[in-house]
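Text of structure_28.cif, listed as mmCIF, C-alpha atoms; chains and numbers go by the auth columns:
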data_start
#
loop_
_atom_site.group_PDB
_atom_site.id
_atom_site.type_symbol
_atom_site.label_atom_id
_atom_site.label_comp_id
_atom_site.label_asym_id
_atom_site.label_seq_id
_atom_site.Cartn_x
_atom_site.Cartn_y
_atom_site.Cartn_z
_atom_site.B_iso_or_equiv
_atom_site.auth_seq_id
_atom_site.auth_asym_id
ATOM 1 C CA MET A 1 4.387 -15.279 -22.321 0.00 3 A
ATOM 2 C CA LEU A 2 3.090 -12.152 -20.657 0.00 4 A
ATOM 3 C CA ILE A 3 5.677 -9.391 -20.431 0.00 5 A
ATOM 4 C CA TYR A 4 3.764 -6.554 -18.746 0.00 6 A
ATOM 5 C CA ASN A 5 2.146 -5.860 -15.389 0.00 7 A
ATOM 6 C CA ILE A 6 -0.284 -3.327 -13.985 0.00 8 A
ATOM 7 C CA CYS A 7 -1.398 -2.413 -10.484 0.00 9 A
ATOM 8 C CA TYR A 8 -4.169 -0.307 -9.040 0.00 10 A
ATOM 9 C CA ILE A 9 -3.070 1.205 -5.720 0.00 11 A
ATOM 10 C CA GLN A 10 -6.049 2.083 -3.563 0.00 12 A
ATOM 11 C CA ARG A 11 -6.239 4.578 -0.700 0.00 13 A
ATOM 12 C CA GLY A 12 -9.740 4.570 0.712 0.00 14 A
ATOM 13 C CA ASN A 13 -12.062 5.526 -2.159 0.00 15 A
ATOM 14 C CA GLU A 14 -9.223 6.731 -4.387 0.00 16 A
ATOM 15 C CA VAL A 15 -6.885 4.967 -6.809 0.00 17 A
ATOM 16 C CA LEU A 16 -3.437 6.234 -7.775 0.00 18 A
ATOM 17 C CA LEU A 17 -3.348 6.528 -11.557 0.00 19 A
ATOM 18 C CA LEU A 18 -0.809 7.584 -14.145 0.00 20 A
ATOM 19 C CA ASN A 19 -1.682 9.791 -17.104 0.00 21 A
ATOM 20 C CA ARG A 20 0.695 8.233 -19.593 0.00 22 A
ATOM 21 C CA GLU A 21 3.006 10.270 -21.807 0.00 23 A
ATOM 22 C CA LYS A 22 3.906 7.290 -24.008 0.00 24 A
ATOM 23 C CA PRO A 23 1.972 4.573 -25.827 0.00 25 A
ATOM 24 C CA SER A 24 0.109 2.521 -25.046 0.00 26 A
ATOM 25 C CA TRP A 25 -2.767 4.541 -23.608 0.00 27 A
ATOM 26 C CA MET A 26 -0.869 7.811 -24.127 0.00 28 A
ATOM 27 C CA GLY A 27 -2.931 10.664 -22.676 0.00 29 A
ATOM 28 C CA CYS A 28 -5.178 8.329 -20.674 0.00 30 A
ATOM 29 C CA TRP A 29 -5.265 7.571 -16.982 0.00 31 A
ATOM 30 C CA ASN A 30 -4.333 3.986 -16.140 0.00 32 A
ATOM 31 C CA GLY A 31 -2.719 1.943 -13.406 0.00 33 A
ATOM 32 C CA ILE A 32 0.958 1.801 -12.481 0.00 34 A
ATOM 33 C CA GLY A 33 3.022 -0.812 -14.281 0.00 35 A
ATOM 34 C CA GLY A 34 5.528 -1.730 -16.900 0.00 36 A
ATOM 35 C CA LYS A 35 7.597 -4.473 -18.433 0.00 37 A
ATOM 36 C CA LEU A 36 9.091 -7.499 -16.722 0.00 38 A
ATOM 37 C CA GLU A 37 12.881 -7.647 -16.783 0.00 39 A
ATOM 38 C CA ALA A 38 14.856 -10.836 -17.460 0.00 40 A
ATOM 39 C CA GLY A 39 14.745 -13.226 -14.514 0.00 41 A
ATOM 40 C CA GLU A 40 12.005 -11.351 -12.632 0.00 42 A
ATOM 41 C CA SER A 41 8.860 -13.010 -11.369 0.00 43 A
ATOM 42 C CA PRO A 42 5.635 -11.106 -12.073 0.00 44 A
ATOM 43 C CA ARG A 43 5.409 -10.062 -8.383 0.00 45 A
ATOM 44 C CA GLU A 44 9.051 -8.929 -8.238 0.00 46 A
ATOM 45 C CA SER A 45 8.510 -6.895 -11.382 0.00 47 A
ATOM 46 C CA MET A 46 5.363 -5.282 -9.986 0.00 48 A
ATOM 47 C CA GLU A 47 7.113 -4.381 -6.737 0.00 49 A
ATOM 48 C CA ARG A 48 10.010 -2.851 -8.694 0.00 50 A
ATOM 49 C CA GLU A 49 7.673 -0.875 -10.989 0.00 51 A
ATOM 50 C CA MET A 50 5.726 0.523 -8.016 0.00 52 A
ATOM 51 C CA SER A 51 8.971 1.558 -6.333 0.00 53 A
ATOM 52 C CA GLU A 52 10.378 3.148 -9.512 0.00 54 A
ATOM 53 C CA GLU A 53 7.194 4.926 -10.586 0.00 55 A
ATOM 54 C CA THR A 54 5.806 5.963 -7.197 0.00 56 A
ATOM 55 C CA GLY A 55 8.264 5.223 -4.383 0.00 57 A
ATOM 56 C CA ILE A 56 5.350 3.550 -2.568 0.00 58 A
ATOM 57 C CA THR A 57 5.648 0.237 -0.740 0.00 59 A
ATOM 58 C CA PRO A 58 2.022 -0.846 -0.295 0.00 60 A
ATOM 59 C CA THR A 59 0.767 -2.498 2.875 0.00 61 A
ATOM 60 C CA LYS A 60 -0.813 -5.217 0.725 0.00 62 A
ATOM 61 C CA LEU A 61 -0.181 -6.471 -2.835 0.00 63 A
ATOM 62 C CA THR A 62 -2.630 -9.042 -4.216 0.00 64 A
ATOM 63 C CA PHE A 63 -2.516 -10.925 -7.507 0.00 65 A
ATOM 64 C CA LYS A 64 -5.908 -10.421 -9.189 0.00 66 A
ATOM 65 C CA GLY A 65 -5.349 -12.252 -12.478 0.00 67 A
ATOM 66 C CA ILE A 66 -4.414 -11.069 -15.934 0.00 68 A
ATOM 67 C CA VAL A 67 -5.663 -8.598 -18.488 0.00 69 A
ATOM 68 C CA SER A 68 -5.308 -10.107 -21.941 0.00 70 A
ATOM 69 C CA TRP A 69 -6.230 -8.698 -25.308 0.00 71 A
ATOM 70 C CA MET A 70 -6.676 -9.591 -28.930 0.00 72 A
ATOM 71 C CA VAL A 71 -6.212 -6.714 -31.392 0.00 73 A
ATOM 72 C CA ASP A 72 -7.842 -6.954 -34.820 0.00 74 A
ATOM 73 C CA GLY A 73 -7.951 -10.743 -34.467 0.00 75 A
ATOM 74 C CA THR A 74 -4.212 -11.029 -35.099 0.00 76 A
ATOM 75 C CA ARG A 75 -2.210 -9.622 -32.174 0.00 77 A
ATOM 76 C CA PHE A 76 -2.321 -11.060 -28.661 0.00 78 A
ATOM 77 C CA GLY A 77 -0.949 -9.393 -25.558 0.00 79 A
ATOM 78 C CA GLY A 78 -1.432 -9.391 -21.847 0.00 80 A
ATOM 79 C CA MET A 79 -0.280 -8.321 -18.425 0.00 81 A
ATOM 80 C CA TYR A 80 -0.332 -9.519 -14.845 0.00 82 A
ATOM 81 C CA LEU A 81 -2.921 -7.696 -12.752 0.00 83 A
ATOM 82 C CA TYR A 82 -2.407 -6.613 -9.146 0.00 84 A
ATOM 83 C CA ALA A 83 -4.302 -4.680 -6.510 0.00 85 A
ATOM 84 C CA ALA A 84 -2.438 -2.835 -3.783 0.00 86 A
ATOM 85 C CA SER A 85 -3.560 -0.765 -0.869 0.00 87 A
ATOM 86 C CA VAL A 86 -2.214 1.805 1.505 0.00 88 A
ATOM 87 C CA GLU A 87 -3.832 3.126 4.669 0.00 89 A
ATOM 88 C CA GLU A 88 -6.472 5.804 4.139 0.00 90 A
ATOM 89 C CA SER A 89 -4.315 8.138 6.236 0.00 91 A
ATOM 90 C CA PHE A 90 -1.275 7.538 3.951 0.00 92 A
ATOM 91 C CA THR A 91 0.101 10.891 2.770 0.00 93 A
ATOM 92 C CA TYR A 92 1.178 11.043 -0.856 0.00 94 A
ATOM 93 C CA ASP A 93 0.672 14.483 -2.330 0.00 95 A
ATOM 94 C CA THR A 94 -0.243 14.637 -5.994 0.00 96 A
ATOM 95 C CA PRO A 95 -0.166 15.545 -8.815 0.00 97 A
ATOM 96 C CA ILE A 96 3.434 14.446 -9.412 0.00 98 A
ATOM 97 C CA LYS A 97 5.195 14.780 -12.782 0.00 99 A
ATOM 98 C CA THR A 98 7.351 11.726 -13.575 0.00 100 A
ATOM 99 C CA ASP A 99 9.245 10.399 -16.592 0.00 101 A
ATOM 100 C CA GLU A 100 6.220 8.193 -17.351 0.00 102 A
ATOM 101 C CA GLY A 101 3.548 10.877 -16.982 0.00 103 A
ATOM 102 C CA ILE A 102 1.512 12.478 -14.205 0.00 104 A
ATOM 103 C CA LEU A 103 0.547 10.581 -11.042 0.00 105 A
ATOM 104 C CA ASP A 104 -2.667 11.584 -9.280 0.00 106 A
ATOM 105 C CA TRP A 105 -5.234 10.099 -6.917 0.00 107 A
ATOM 106 C CA LYS A 106 -8.627 9.726 -8.631 0.00 108 A
ATOM 107 C CA ARG A 107 -11.918 8.933 -6.922 0.00 109 A
ATOM 108 C CA VAL A 108 -13.392 5.569 -7.869 0.00 110 A
ATOM 109 C CA ASP A 109 -16.716 7.174 -8.866 0.00 111 A
ATOM 110 C CA TRP A 110 -14.816 9.501 -11.258 0.00 112 A
ATOM 111 C CA ILE A 111 -12.999 6.516 -12.819 0.00 113 A
ATOM 112 C CA MET A 112 -16.249 4.575 -13.233 0.00 114 A
ATOM 113 C CA ASP A 113 -18.321 7.442 -14.638 0.00 115 A
ATOM 114 C CA VAL A 114 -19.721 6.343 -18.017 0.00 116 A
ATOM 115 C CA HIS A 115 -19.010 9.808 -19.448 0.00 117 A
ATOM 116 C CA ASN A 116 -15.313 9.649 -18.535 0.00 118 A
ATOM 117 C CA GLN A 117 -13.314 9.286 -21.750 0.00 119 A
ATOM 118 C CA GLY A 118 -9.988 10.086 -20.072 0.00 120 A
ATOM 119 C CA VAL A 119 -9.279 6.599 -18.744 0.00 121 A
ATOM 120 C CA ALA A 120 -8.043 3.488 -20.558 0.00 122 A
ATOM 121 C CA SER A 121 -11.199 2.016 -22.114 0.00 123 A
ATOM 122 C CA ASN A 122 -10.984 -1.340 -20.342 0.00 124 A
ATOM 123 C CA MET A 123 -10.034 0.036 -16.912 0.00 125 A
ATOM 124 C CA PRO A 124 -13.502 0.689 -15.433 0.00 126 A
ATOM 125 C CA GLN A 125 -14.651 -2.905 -16.060 0.00 127 A
ATOM 126 C CA VAL A 126 -11.401 -4.401 -14.772 0.00 128 A
ATOM 127 C CA LEU A 127 -11.377 -2.189 -11.686 0.00 129 A
ATOM 128 C CA GLN A 128 -15.041 -2.984 -10.976 0.00 130 A
ATOM 129 C CA GLY A 129 -14.331 -6.715 -11.137 0.00 131 A
ATOM 130 C CA MET A 130 -11.242 -6.448 -8.951 0.00 132 A
ATOM 131 C CA ARG A 131 -13.022 -4.460 -6.254 0.00 133 A
ATOM 132 C CA ASN A 132 -16.116 -6.667 -6.109 0.00 134 A
ATOM 133 C CA ASP A 133 -14.709 -10.189 -6.327 0.00 135 A
ATOM 134 C CA MET A 134 -11.961 -11.932 -4.372 0.00 136 A
ATOM 135 C CA HIS A 135 -11.214 -14.395 -7.188 0.00 137 A
ATOM 136 C CA CYS A 136 -8.655 -14.064 -9.972 0.00 138 A
ATOM 137 C CA TYR A 137 -9.797 -13.509 -13.542 0.00 139 A
ATOM 138 C CA ASP A 138 -8.504 -13.242 -17.055 0.00 140 A
ATOM 139 C CA TYR A 139 -10.135 -10.017 -18.215 0.00 141 A
ATOM 140 C CA HIS A 140 -9.924 -10.759 -21.933 0.00 142 A
ATOM 141 C CA CYS A 141 -10.431 -7.665 -24.090 0.00 143 A
ATOM 142 C CA ILE A 142 -11.255 -7.701 -27.779 0.00 144 A
ATOM 143 C CA PHE A 143 -10.180 -4.611 -29.707 0.00 145 A
ATOM 144 C CA GLU A 144 -10.991 -3.820 -33.333 0.00 146 A
ATOM 145 C CA LYS A 145 -9.543 -0.746 -35.055 0.00 147 A
ATOM 146 C CA GLY A 146 -8.558 0.761 -31.699 0.00 148 A
ATOM 147 C CA LYS A 147 -11.956 0.325 -30.028 0.00 149 A
ATOM 148 C CA LEU A 148 -12.842 -2.024 -27.178 0.00 150 A
ATOM 149 C CA LEU A 149 -15.616 -4.249 -28.540 0.00 151 A
ATOM 150 C CA ASP A 150 -15.986 -6.699 -25.674 0.00 152 A
ATOM 151 C CA MET A 151 -14.449 -7.872 -22.434 0.00 153 A
ATOM 152 C CA ILE A 152 -14.958 -11.360 -21.061 0.00 154 A
ATOM 153 C CA ALA A 153 -14.018 -12.204 -17.456 0.00 155 A
ATOM 154 C CA ILE A 154 -12.884 -15.819 -17.086 0.00 156 A
ATOM 155 C CA GLN A 155 -12.105 -17.084 -13.588 0.00 157 A
ATOM 156 C CA ILE A 156 -8.544 -18.457 -13.355 0.00 158 A
ATOM 157 C CA ASP A 157 -6.410 -20.233 -10.788 0.00 159 A
ATOM 158 C CA PRO A 158 -4.312 -17.791 -8.711 0.00 160 A
ATOM 159 C CA ALA A 159 -1.365 -20.168 -9.252 0.00 161 A
ATOM 160 C CA LEU A 160 -1.007 -18.650 -12.742 0.00 162 A
ATOM 161 C CA GLU A 161 0.994 -15.887 -11.037 0.00 163 A
ATOM 162 C CA TRP A 162 3.883 -18.202 -10.149 0.00 164 A
ATOM 163 C CA ASP A 163 3.284 -21.511 -11.982 0.00 165 A
ATOM 164 C CA GLU A 164 4.894 -20.957 -15.393 0.00 166 A
ATOM 165 C CA VAL A 165 3.801 -24.322 -16.799 0.00 167 A
ATOM 166 C CA GLN A 166 0.146 -23.835 -15.836 0.00 168 A
ATOM 167 C CA ARG A 167 0.255 -20.255 -17.173 0.00 169 A
ATOM 168 C CA GLU A 168 1.715 -21.296 -20.542 0.00 170 A
ATOM 169 C CA VAL A 169 -0.868 -24.076 -20.916 0.00 171 A
ATOM 170 C CA TYR A 170 -3.649 -21.574 -20.148 0.00 172 A
ATOM 171 C CA LEU A 171 -2.291 -18.946 -22.577 0.00 173 A
ATOM 172 C CA GLU A 172 -1.829 -21.495 -25.388 0.00 174 A
ATOM 173 C CA LYS A 173 -5.490 -21.036 -26.383 0.00 175 A
ATOM 174 C CA TYR A 174 -4.702 -17.461 -27.429 0.00 176 A
ATOM 175 C CA ALA A 175 -1.750 -18.586 -29.549 0.00 177 A
ATOM 176 C CA VAL A 176 -4.090 -20.997 -31.344 0.00 178 A
ATOM 177 C CA MET A 177 -6.597 -18.144 -31.925 0.00 179 A
ATOM 178 C CA VAL A 178 -3.899 -15.928 -33.475 0.00 180 A
ATOM 179 C CA HIS A 179 -2.609 -18.714 -35.736 0.00 181 A
ATOM 180 C CA SER A 180 -6.099 -19.680 -36.898 0.00 182 A
ATOM 181 C CA SER A 181 -7.071 -16.151 -38.001 0.00 183 A
#

Translate the structure of the given file into structure tokens.
Amino acid sequence: MLIYNICYIQRGNEVLLLNREKPSWMGCWNGIGGKLEAGESPRESMEREMSEETGITPTKLTFKGIVSWMVDGTRFGGMYLYAASVEESFTYDTPIKTDEGILDWKRVDWIMDVHNQGVASNMPQVLQGMRNDMHCYDYHCIFEKGKLLDMIAIQIDPALEWDEVQREVYLEKYAVMVHSS
């Protein structure tokens, strides 16, 4: 079961990011998101998190897949992945200090710069895939000793957002990987 979500809100060539004050990714820029509450669907949770963290109601919210990870071959985790957009003329002055960290619009080229060590290590690859492909993917990240070793994009059915049975069957392969290590 996935218990987290993340969203990248785009305004033209900028993305609204949060410099997190708490783990995970403390001190790094990353998308907006959080933890699903009991009884919430992934989409309901994402809408709530965006409202709580930013006050923004996007003009469009699209399920883009999941970001999953294996840490040191023993710990599996994951989150639902969304893309949102607001009009380029949308006014939202930043930076803004929140309980979660600092919100700010960042240019896509700044996020993607290979020298940028201030963003979550898997974010540039995930964001690149989301922006360039209309399909949904499982962006599966492999971390060892805190470092991203590899990321594999596996195309998935968009129904994984709402079809709990299909999602659990798909995620079962990761449970088998954890138990076999």

List the residues selected by the PyMOL selection byres ((chain A and resi 93) around 12) in the file shown, writing them as a ChimeraX atom specification. /A:13-14,58,88-92,94-96,107

My list of candidates is A:Ile5, A:Ser87, A:Gln12, A:Arg45. Which is closest to Val110 of chain A when distances are computed with only C-alpha atoms?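 Among A:Ile5, A:Ser87, A:Gln12, A:Arg45, it is A:Gln12 that comes nearest to Val110 of chain A.
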
Name the residues captured by the PyMOL selection byres ((chain A and resi 24-36) around 8) when it is applied to the shown file; answer as a list in words.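 Evaluating the PyMOL selection byres ((chain A and resi 24-36) around 8) on this file yields Tyr6, Asn7, Ile8, Cys9, Tyr10, Ile11, Leu18, Leu19, Leu20, Asn21, Arg22, Glu23, Lys37, Leu38, Met48, Glu51, Met52, Glu55, Glu102, Gly103, Gly120, Val121, Ala122 and Met125 of chain A.
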
Under the PyMOL selection byres ((chain A and resi 164) around 12), which residues of this model are included? Write them out as a list in words. Glu42, Ser43, Pro44, Arg45, Glu46, Phe65, Gly67, Tyr82, Asp159, Pro160, Ala161, Leu162, Glu163, Asp165, Glu166, Val167, Gln168, Arg169 and Glu170 of chain A

Near Thr59 of chain A, within 10 Å and counting all atoms listed in the file, which residues show up once chain neighbours fewer than 2 positions away are dropped, as a VMD selection string? chain A and resid 49 to 50 52 to 53 56 to 57 61 to 63 86 to 88

Write out as number ranges by chain each polymer residue whose atoms come within 10 Å of Val128 of chain A, counting only C-alpha atoms; drop sequence neighbours fewer than 4 positions from it. A: 66, 68-69, 83, 123-124, 132-133, 139-143, 153, 155

Go ahead and compute the interatomic distance for atom CA of Ala177 of chain A and atom CA of Ala85 of chain A, in Å to one decimal.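 Atom CA of Ala177 of chain A sits 27.0 Å away from atom CA of Ala85 of chain A.
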